[in-house]
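Printed here is final_25.pdb (PDB, C-alpha atoms):
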ATOM      1  CA  MET A   1      -0.054  13.201  15.690
ATOM      2  CA  PRO A   2       1.453  14.762  12.564
ATOM      3  CA  TYR A   3       5.224  14.929  12.243
ATOM      4  CA  SER A   4       7.023  18.239  12.213
ATOM      5  CA  PRO A   5       6.492  20.155   8.963
ATOM      6  CA  MET A   6      10.265  20.524   8.763
ATOM      7  CA  LEU A   7      10.688  16.751   8.699
ATOM      8  CA  VAL A   8       7.966  16.263   6.138
ATOM      9  CA  LYS A   9       8.904  19.120   3.802
ATOM     10  CA  PRO A  10      11.579  17.226   1.831
ATOM     11  CA  MET A  11       9.217  14.258   1.524
ATOM     12  CA  ARG A  12       6.616  16.536  -0.019
ATOM     13  CA  GLU A  13       9.153  18.201  -2.278
ATOM     14  CA  GLU A  14      10.478  14.884  -3.541
ATOM     15  CA  LEU A  15       7.167  14.562  -5.380
ATOM     16  CA  THR A  16       6.212  18.172  -6.055
ATOM     17  CA  SER A  17       9.598  18.828  -7.662
ATOM     18  CA  ALA A  18       8.690  16.109 -10.179
ATOM     19  CA  GLY A  19       5.563  17.992 -11.158
ATOM     20  CA  VAL A  20       3.168  16.221  -8.813
ATOM     21  CA  GLU A  21       0.307  18.436  -7.661
ATOM     22  CA  GLU A  22      -0.230  18.521  -3.918
ATOM     23  CA  LEU A  23      -3.840  18.251  -2.734
ATOM     24  CA  LEU A  24      -4.024  19.838   0.687
ATOM     25  CA  THR A  25      -7.755  20.036   1.332
ATOM     26  CA  PRO A  26     -10.856  17.930   0.643
ATOM     27  CA  ALA A  27     -11.919  20.589  -1.855
ATOM     28  CA  ASP A  28      -8.623  20.139  -3.698
ATOM     29  CA  VAL A  29      -9.278  16.401  -3.880
ATOM     30  CA  ASP A  30     -12.838  16.807  -5.134
ATOM     31  CA  ARG A  31     -11.706  19.264  -7.787
ATOM     32  CA  TRP A  32      -8.913  16.954  -8.953
ATOM     33  CA  MET A  33     -11.052  13.812  -8.921
ATOM     34  CA  GLY A  34     -13.823  15.686 -10.704
ATOM     35  CA  GLN A  35     -11.702  15.920 -13.842
ATOM     36  CA  ARG A  36     -12.421  12.421 -15.074
ATOM     37  CA  GLU A  37     -11.063  12.486 -18.613
ATOM     38  CA  GLY A  38      -7.719  10.877 -19.369
ATOM     39  CA  THR A  39      -5.257   9.094 -17.126
ATOM     40  CA  ALA A  40      -4.489  10.170 -13.588
ATOM     41  CA  LEU A  41      -2.271   8.917 -10.781
ATOM     42  CA  LEU A  42      -2.996   9.687  -7.140
ATOM     43  CA  ILE A  43      -0.203   9.010  -4.663
ATOM     44  CA  VAL A  44      -0.852   8.647  -0.934
ATOM     45  CA  ASN A  45       2.491   9.816   0.419
ATOM     46  CA  SER A  46       3.690   8.971   3.916
ATOM     47  CA  VAL A  47       6.582   9.350   6.307
ATOM     48  CA  CYS A  48       6.983   5.569   6.620
ATOM     49  CA  GLY A  49      10.617   4.712   6.049
ATOM     50  CA  CYS A  50       9.854   1.056   5.333
ATOM     51  CA  ALA A  51       8.021   1.800   2.117
ATOM     52  CA  ALA A  52       7.788   5.491   1.264
ATOM     53  CA  GLY A  53      11.555   5.711   0.955
ATOM     54  CA  ALA A  54      11.256   3.524  -2.146
ATOM     55  CA  ALA A  55       7.867   4.793  -3.274
ATOM     56  CA  ARG A  56       8.824   8.405  -3.878
ATOM     57  CA  PRO A  57      11.934   7.800  -6.001
ATOM     58  CA  GLY A  58      10.052   5.000  -7.734
ATOM     59  CA  VAL A  59       7.304   7.414  -8.717
ATOM     60  CA  ARG A  60       9.834  10.006  -9.840
ATOM     61  CA  ALA A  61      11.589   7.482 -12.066
ATOM     62  CA  ALA A  62       8.356   6.180 -13.564
ATOM     63  CA  LEU A  63       7.150   9.700 -14.342
ATOM     64  CA  GLN A  64      10.219  10.268 -16.499
ATOM     65  CA  GLY A  65       9.031   7.631 -18.956
ATOM     66  CA  PRO A  66       7.073   8.376 -22.129
ATOM     67  CA  ALA A  67       3.805   6.978 -20.768
ATOM     68  CA  ARG A  68       3.335   9.486 -17.976
ATOM     69  CA  PRO A  69      -0.312   9.878 -16.831
ATOM     70  CA  ASP A  70      -2.061  13.076 -17.875
ATOM     71  CA  ARG A  71      -2.387  14.234 -14.265
ATOM     72  CA  VAL A  72      -0.495  13.283 -11.126
ATOM     73  CA  ALA A  73      -1.361  14.391  -7.622
ATOM     74  CA  THR A  74      -0.594  13.492  -4.020
ATOM     75  CA  VAL A  75      -2.073  13.643  -0.559
ATOM     76  CA  PHE A  76       0.029  13.168   2.552
ATOM     77  CA  ALA A  77      -1.269  10.589   5.040
ATOM     78  CA  GLY A  78      -0.952  11.601   8.668
ATOM     79  CA  GLN A  79      -0.262  15.201   7.675
ATOM     80  CA  ASP A  80      -3.084  16.442   5.480
ATOM     81  CA  VAL A  81      -5.576  14.263   7.286
ATOM     82  CA  GLU A  82      -8.828  15.579   5.840
ATOM     83  CA  ALA A  83      -7.543  15.590   2.279
ATOM     84  CA  THR A  84      -6.289  12.030   2.675
ATOM     85  CA  ALA A  85      -9.616  10.854   4.083
ATOM     86  CA  LYS A  86     -11.411  12.460   1.164
ATOM     87  CA  ALA A  87      -9.037  10.838  -1.330
ATOM     88  CA  ARG A  88      -9.518   7.426   0.277
ATOM     89  CA  ALA A  89     -13.263   7.858   0.053
ATOM     90  CA  TYR A  90     -12.866   7.584  -3.725
ATOM     91  CA  PHE A  91     -11.570   4.014  -3.296
ATOM     92  CA  ALA A  92     -13.451   3.170  -0.139
ATOM     93  CA  ASP A  93     -13.584  -0.568  -0.846
ATOM     94  CA  ILE A  94      -9.814  -0.793  -0.541
ATOM     95  CA  PRO A  95      -8.276  -0.954   2.938
ATOM     96  CA  PRO A  96      -6.320   2.219   3.674
ATOM     97  CA  SER A  97      -2.545   1.985   3.522
ATOM     98  CA  SER A  98       0.254   4.407   2.937
ATOM     99  CA  PRO A  99       2.157   4.866   0.859
ATOM    100  CA  SER A 100      -0.141   3.661  -1.876
ATOM    101  CA  MET A 101      -1.027   4.656  -5.411
ATOM    102  CA  ALA A 102      -4.190   4.651  -7.483
ATOM    103  CA  LEU A 103      -4.205   4.884 -11.269
ATOM    104  CA  TYR A 104      -7.370   6.070 -12.965
ATOM    105  CA  LYS A 105      -8.508   5.980 -16.556
ATOM    106  CA  ASP A 106     -11.406   8.281 -17.387
ATOM    107  CA  GLY A 107     -12.326   8.374 -13.722
ATOM    108  CA  GLU A 108     -12.280   4.598 -13.216
ATOM    109  CA  LEU A 109      -9.742   2.964 -10.914
ATOM    110  CA  VAL A 110      -7.698   0.586 -13.086
ATOM    111  CA  TYR A 111      -4.626  -0.158 -10.971
ATOM    112  CA  PHE A 112      -3.800   0.054  -7.303
ATOM    113  CA  VAL A 113      -0.525  -0.370  -5.452
ATOM    114  CA  PRO A 114      -1.050  -0.968  -1.736
ATOM    115  CA  ARG A 115       1.710  -0.401   0.766
ATOM    116  CA  HIS A 116       2.627  -4.062   1.089
ATOM    117  CA  ARG A 117       3.522  -4.146  -2.624
ATOM    118  CA  ILE A 118       6.120  -1.441  -1.942
ATOM    119  CA  GLU A 119       7.607  -2.656   1.341
ATOM    120  CA  GLY A 120      11.014  -4.219   0.986
ATOM    121  CA  ARG A 121      11.262  -3.411  -2.706
ATOM    122  CA  SER A 122      13.677  -1.063  -4.403
ATOM    123  CA  ALA A 123      12.730   2.196  -6.085
ATOM    124  CA  GLN A 124      13.665   0.589  -9.405
ATOM    125  CA  GLU A 125      11.233  -2.266  -8.809
ATOM    126  CA  VAL A 126       8.450   0.143  -7.857
ATOM    127  CA  ALA A 127       9.221   2.235 -10.940
ATOM    128  CA  ALA A 128       9.153  -0.819 -13.196
ATOM    129  CA  ASP A 129       5.683  -1.839 -11.968
ATOM    130  CA  LEU A 130       4.353   1.690 -12.365
ATOM    131  CA  THR A 131       5.865   2.107 -15.819
ATOM    132  CA  GLN A 132       4.208  -1.108 -16.948
ATOM    133  CA  ALA A 133       0.854   0.075 -15.582
ATOM    134  CA  PHE A 134       1.246   3.512 -17.174
ATOM    135  CA  GLU A 135       2.096   2.001 -20.557
ATOM    136  CA  ARG A 136      -0.886  -0.342 -20.443
ATOM    137  CA  CYS A 137      -3.254   2.412 -19.327
ATOM    138  CA  VAL A 138      -2.032   4.988 -21.812
ATOM    139  CA  ALA A 139      -2.145   2.457 -24.661
ATOM    140  CA  GLU A 140      -5.727   1.480 -23.797
ATOM    141  CA  THR A 141      -6.733   5.128 -23.619
ATOM    142  CA  ALA A 142      -5.181   5.852 -27.017
ATOM    143  CA  ALA A 143      -6.849   2.790 -28.544
ATOM    144  CA  SER A 144     -10.268   3.828 -27.273
ATOM    145  CA  ARG A 145     -10.100   7.220 -28.966
TER     146      ARG A 145
ATOM    147  CA  MET B   1      16.180   4.150   3.337
ATOM    148  CA  GLY B   2      15.460   1.860   6.259
ATOM    149  CA  THR B   3      13.083   2.207   9.107
ATOM    150  CA  PHE B   4      13.533   4.374  12.163
ATOM    151  CA  HIS B   5      13.666   1.209  14.313
ATOM    152  CA  ASN B   6      16.345  -0.997  12.856
ATOM    153  CA  ASP B   7      16.741  -2.863  16.154
ATOM    154  CA  LYS B   8      13.327  -4.499  15.725
ATOM    155  CA  GLY B   9      14.432  -7.001  13.088
ATOM    156  CA  GLU B  10      14.173  -7.356   9.356
ATOM    157  CA  LEU B  11      10.386  -7.730   9.323
ATOM    158  CA  HIS B  12       9.718  -4.597  11.351
ATOM    159  CA  GLY B  13       7.253  -2.434   9.467
ATOM    160  CA  ILE B  14       6.584  -5.112   6.864
ATOM    161  CA  THR B  15       3.112  -6.497   6.252
ATOM    162  CA  VAL B  16       3.277 -10.221   6.863
ATOM    163  CA  VAL B  17       1.142 -13.335   6.707
ATOM    164  CA  VAL B  18       1.346 -15.377   9.893
ATOM    165  CA  ASP B  19      -0.106 -18.824   9.376
ATOM    166  CA  THR B  20      -0.888 -21.147  12.231
ATOM    167  CA  ASP B  21      -1.272 -24.897  12.426
ATOM    168  CA  GLY B  22      -4.889 -24.271  13.387
ATOM    169  CA  PRO B  23      -7.745 -22.626  11.515
ATOM    170  CA  GLU B  24      -6.483 -19.050  11.815
ATOM    171  CA  VAL B  25      -4.255 -17.003   9.558
ATOM    172  CA  PHE B  26      -3.241 -13.425  10.384
ATOM    173  CA  VAL B  27      -2.188 -10.516   8.208
ATOM    174  CA  GLY B  28      -0.733  -7.422   9.811
ATOM    175  CA  ARG B  29       2.225  -5.108  10.005
ATOM    176  CA  CYS B  30       5.003  -6.834  11.889
ATOM    177  CA  HIS B  31       6.322  -4.854  14.816
ATOM    178  CA  GLU B  32       8.636  -7.457  16.223
ATOM    179  CA  VAL B  33       9.320 -11.167  16.336
ATOM    180  CA  THR B  34      10.111 -12.180  19.915
ATOM    181  CA  PRO B  35      10.504 -15.519  21.692
ATOM    182  CA  VAL B  36       7.000 -14.992  23.044
ATOM    183  CA  GLY B  37       5.360 -14.404  19.694
ATOM    184  CA  VAL B  38       4.908 -12.266  16.627
ATOM    185  CA  VAL B  39       3.756  -8.773  17.512
ATOM    186  CA  LEU B  40       1.447  -7.420  14.826
ATOM    187  CA  LEU B  41      -0.192  -4.037  14.296
ATOM    188  CA  ASP B  42      -3.322  -3.230  12.274
ATOM    189  CA  VAL B  43      -4.231  -6.871  11.977
ATOM    190  CA  ASP B  44      -6.971  -8.831  10.292
ATOM    191  CA  VAL B  45      -7.556 -12.497  10.952
ATOM    192  CA  HIS B  46      -9.289 -15.196   8.973
ATOM    193  CA  SER B  47     -10.596 -18.299  10.648
ATOM    194  CA  ALA B  48     -11.225 -21.268   8.394
ATOM    195  CA  GLU B  49     -13.182 -23.119  11.033
ATOM    196  CA  ALA B  50     -15.936 -24.131   8.650
ATOM    197  CA  GLY B  51     -13.692 -26.604   6.867
ATOM    198  CA  ALA B  52     -10.977 -29.040   7.716
ATOM    199  CA  GLY B  53      -7.962 -30.470   5.916
ATOM    200  CA  ASP B  54      -7.854 -29.406   2.266
ATOM    201  CA  ASP B  55     -10.907 -27.177   2.696
ATOM    202  CA  GLN B  56      -9.235 -25.311   5.520
ATOM    203  CA  ARG B  57      -6.087 -24.820   3.452
ATOM    204  CA  ALA B  58      -8.098 -23.630   0.451
ATOM    205  CA  SER B  59     -10.063 -21.199   2.591
ATOM    206  CA  LYS B  60      -6.894 -19.724   4.046
ATOM    207  CA  ASP B  61      -5.208 -19.501   0.642
ATOM    208  CA  ALA B  62      -8.176 -17.739  -0.929
ATOM    209  CA  TRP B  63      -8.316 -15.189   1.898
ATOM    210  CA  VAL B  64      -4.579 -14.502   1.702
ATOM    211  CA  ARG B  65      -4.759 -14.072  -2.076
ATOM    212  CA  ARG B  66      -7.479 -11.464  -1.640
ATOM    213  CA  ALA B  67      -5.393  -9.745   1.027
ATOM    214  CA  ALA B  68      -2.396  -9.746  -1.302
ATOM    215  CA  ARG B  69      -4.313  -7.804  -3.906
ATOM    216  CA  PHE B  70      -5.509  -4.854  -1.855
ATOM    217  CA  GLY B  71      -4.420  -5.350   1.769
ATOM    218  CA  VAL B  72      -6.514  -5.900   4.876
ATOM    219  CA  TRP B  73      -8.644  -3.824   7.173
ATOM    220  CA  GLY B  74      -6.910  -3.266  10.491
ATOM    221  CA  ARG B  75      -9.602  -4.811  12.665
ATOM    222  CA  HIS B  76      -7.201  -5.261  15.593
ATOM    223  CA  ARG B  77      -4.831  -2.437  16.448
ATOM    224  CA  HIS B  78      -2.384  -4.721  18.254
ATOM    225  CA  LEU B  79      -2.165  -8.473  18.497
ATOM    226  CA  VAL B  80       0.406 -11.081  19.500
ATOM    227  CA  VAL B  81       0.414 -14.478  17.811
ATOM    228  CA  PRO B  82       2.004 -16.834  20.345
ATOM    229  CA  SER B  83       5.162 -18.532  19.089
ATOM    230  CA  GLU B  84       3.802 -22.022  19.673
ATOM    231  CA  ARG B  85       0.958 -21.297  17.259
ATOM    232  CA  VAL B  86       3.084 -19.877  14.445
ATOM    233  CA  ALA B  87       3.523 -22.293  11.548
ATOM    234  CA  SER B  88       5.039 -19.833   9.075
ATOM    235  CA  ILE B  89       5.646 -16.156   8.379
ATOM    236  CA  CYS B  90       6.003 -14.590   4.947
ATOM    237  CA  ARG B  91       5.737 -11.156   3.446
ATOM    238  CA  LEU B  92       2.282 -10.365   2.030
ATOM    239  CA  GLY B  93       4.049  -8.630  -0.827
ATOM    240  CA  ASP B  94       5.578 -11.972  -1.838
ATOM    241  CA  VAL B  95       2.179 -13.616  -2.275
ATOM    242  CA  ALA B  96       1.264 -13.874  -5.934
ATOM    243  CA  VAL B  97      -1.595 -11.636  -7.019
ATOM    244  CA  GLU B  98      -4.220 -13.192  -9.293
TER     245      GLU B  98
END

Now that the file is in, can you turn its structure into structure tokens?
Amino acid sequence: MPYSPMLVKPMREELTSAGVEELLTPADVDRWMGQREGTALLIVNSVCGCAAGAARPGVRAALQGPARPDRVATVFAGQDVEATAKARAYFADIPPSSPSMALYKDGELVYFVPRHRIEGRSAQEVAADLTQAFERCVAETAASR
Amino acid sequence: MGTFHNDKGELHGITVVVDTDGPEVFVGRCHEVTPVGVVLLDVDVHSAEAGAGDDQRASKDAWVRRAARFGVWGRHRHLVVPSERVASICRLGDVAVE
């Protein structure tokens, strides 16, 4: 059962206020995933206090670096159920977990952070891992052009 | 930010590896560690029954390393690993990824 929208609203805004696009429907997801060129980060947001409490500020911090992906979007697990299912269908070989993050380069999944890699870690540690992945991905993209 | 259930112990909500002294190793989200056993949610289990000794260890290690990379499918919604079978518990996030 989804949580109250009032409870979830600040958790959504923690990402959207950093310029992250919210994908609320399966059509939103298909449209976003259909743009394959460049680098893109998809965040599966969640209410989970054990991990999402570090994931969101970690993402925010990483997005402030110079190697920000071209596009960043989010779905909210347990809230926007159909959109989340559609997003997960794009990495169907990976067991579902939330929060989690998928980094794409030209439409190919190149880096994935499952929930258990966020649990018990600080926002700074999550940000450091993401920043490293962004830098590697952006550098490879630049080198291939 | 902690969990909403701080009374459940430090591993509550954390994905853990529960190894046994037998052929089975479990990965799941820890709900609670009690005197009776480790209560896990969304659990997958690997049984290394095909081998013994070093082979059994290698089979378990390989499965856990794969789990550490992407996670596990929650094949069992709820499962209790009895205390007498638990050889060790660690966080899946602490397992080195290849």

Practice task
With a cut-off of 12 Å and counting only C-alpha atoms, select all residues of chain A in contact with chain B and give the selection as a ChimeraX atom specification.
Solution key: /A:47-57,91-98,100-102,111-123

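The space between atom CA of Ser4 of chain A and atom CA of Ala85 of chain A spans 19.9 Å.
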
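When all atoms listed in the file are used to measure the gap to Val33 of chain B, the shortest distance among B:Ser47, B:Ser83, B:Gln56, B:Ser88 belongs to B:Ser83.
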
Problem - Picked residues, the PyMOL selection byres ((chain B and resi 46) around 9), expected as a VMD selection string - result: chain B and resid 23 to 27 44 to 45 47 to 48 59 to 60 63 to 64

Keeping only C-alpha atoms, write the selected residues to a file as a compact mmCIF listing (two decimals), in the frame of the given file.
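part21.txt, freshly written:
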# COMPACT_ATOMS: atom_id res chain seq x y z
CA PRO B 23 -7.74 -22.63 11.52
CA GLU B 24 -6.48 -19.05 11.82
CA VAL B 25 -4.26 -17.00 9.56
CA PHE B 26 -3.24 -13.42 10.38
CA VAL B 27 -2.19 -10.52 8.21
CA ASP B 44 -6.97 -8.83 10.29
CA VAL B 45 -7.56 -12.50 10.95
CA SER B 47 -10.60 -18.30 10.65
CA ALA B 48 -11.22 -21.27 8.39
CA SER B 59 -10.06 -21.20 2.59
CA LYS B 60 -6.89 -19.72 4.05
CA TRP B 63 -8.32 -15.19 1.90
CA VAL B 64 -4.58 -14.50 1.70

Practice task
Run the PyMOL selection byres ((chain A and resi 106) around 8) against the file shown and list the residues it catches, as a list of chain:residue names.
Solution key: A:Arg36, A:Glu37, A:Gly38, A:Thr39, A:Tyr104, A:Lys105, A:Gly107, A:Glu108

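When the PyMOL selection byres ((chain A and resi 60-73) around 6) is evaluated against the file, it yields Val20, Glu21, Glu22, Thr39, Ala40, Leu41, Leu42, Pro57, Gly58, Val59, Thr74, Ala127, Thr131, Phe134 and Glu135 of chain A.
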
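Each of B:Gly9, B:Val38, B:Glu32, B:Arg57 was checked against Val86 of chain B using all atoms listed in the file; the smallest atom-to-atom distance is that of B:Val38.
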
Exercise for the section: Show which residues sit within 6 Å of segment 76-80 of chain B, as a list of chain:residue names. Count only C-alpha atoms, and ignore same-chain residues fewer than 4 positions away. Expected result: B:Gly37, B:Val38, B:Val39, B:Leu40, B:Leu41, B:Asp42, B:Val43

File dump, residues just selected, C-alpha atoms, as a compact mmCIF listing (two decimals), in the frame of the given file:
# COMPACT_ATOMS: atom_id res chain seq x y z
CA GLY B 37 5.36 -14.40 19.69
CA VAL B 38 4.91 -12.27 16.63
CA VAL B 39 3.76 -8.77 17.51
CA LEU B 40 1.45 -7.42 14.83
CA LEU B 41 -0.19 -4.04 14.30
CA ASP B 42 -3.32 -3.23 12.27
CA VAL B 43 -4.23 -6.87 11.98

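Here atom CA of Asn45 of chain A is placed at a distance of 5.0 Å from atom CA of Pro99 of chain A.
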
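The interatomic distance for the pair atom CA of Pro2 of chain A and atom CA of Val44 of chain A works out to 15.0 Å.
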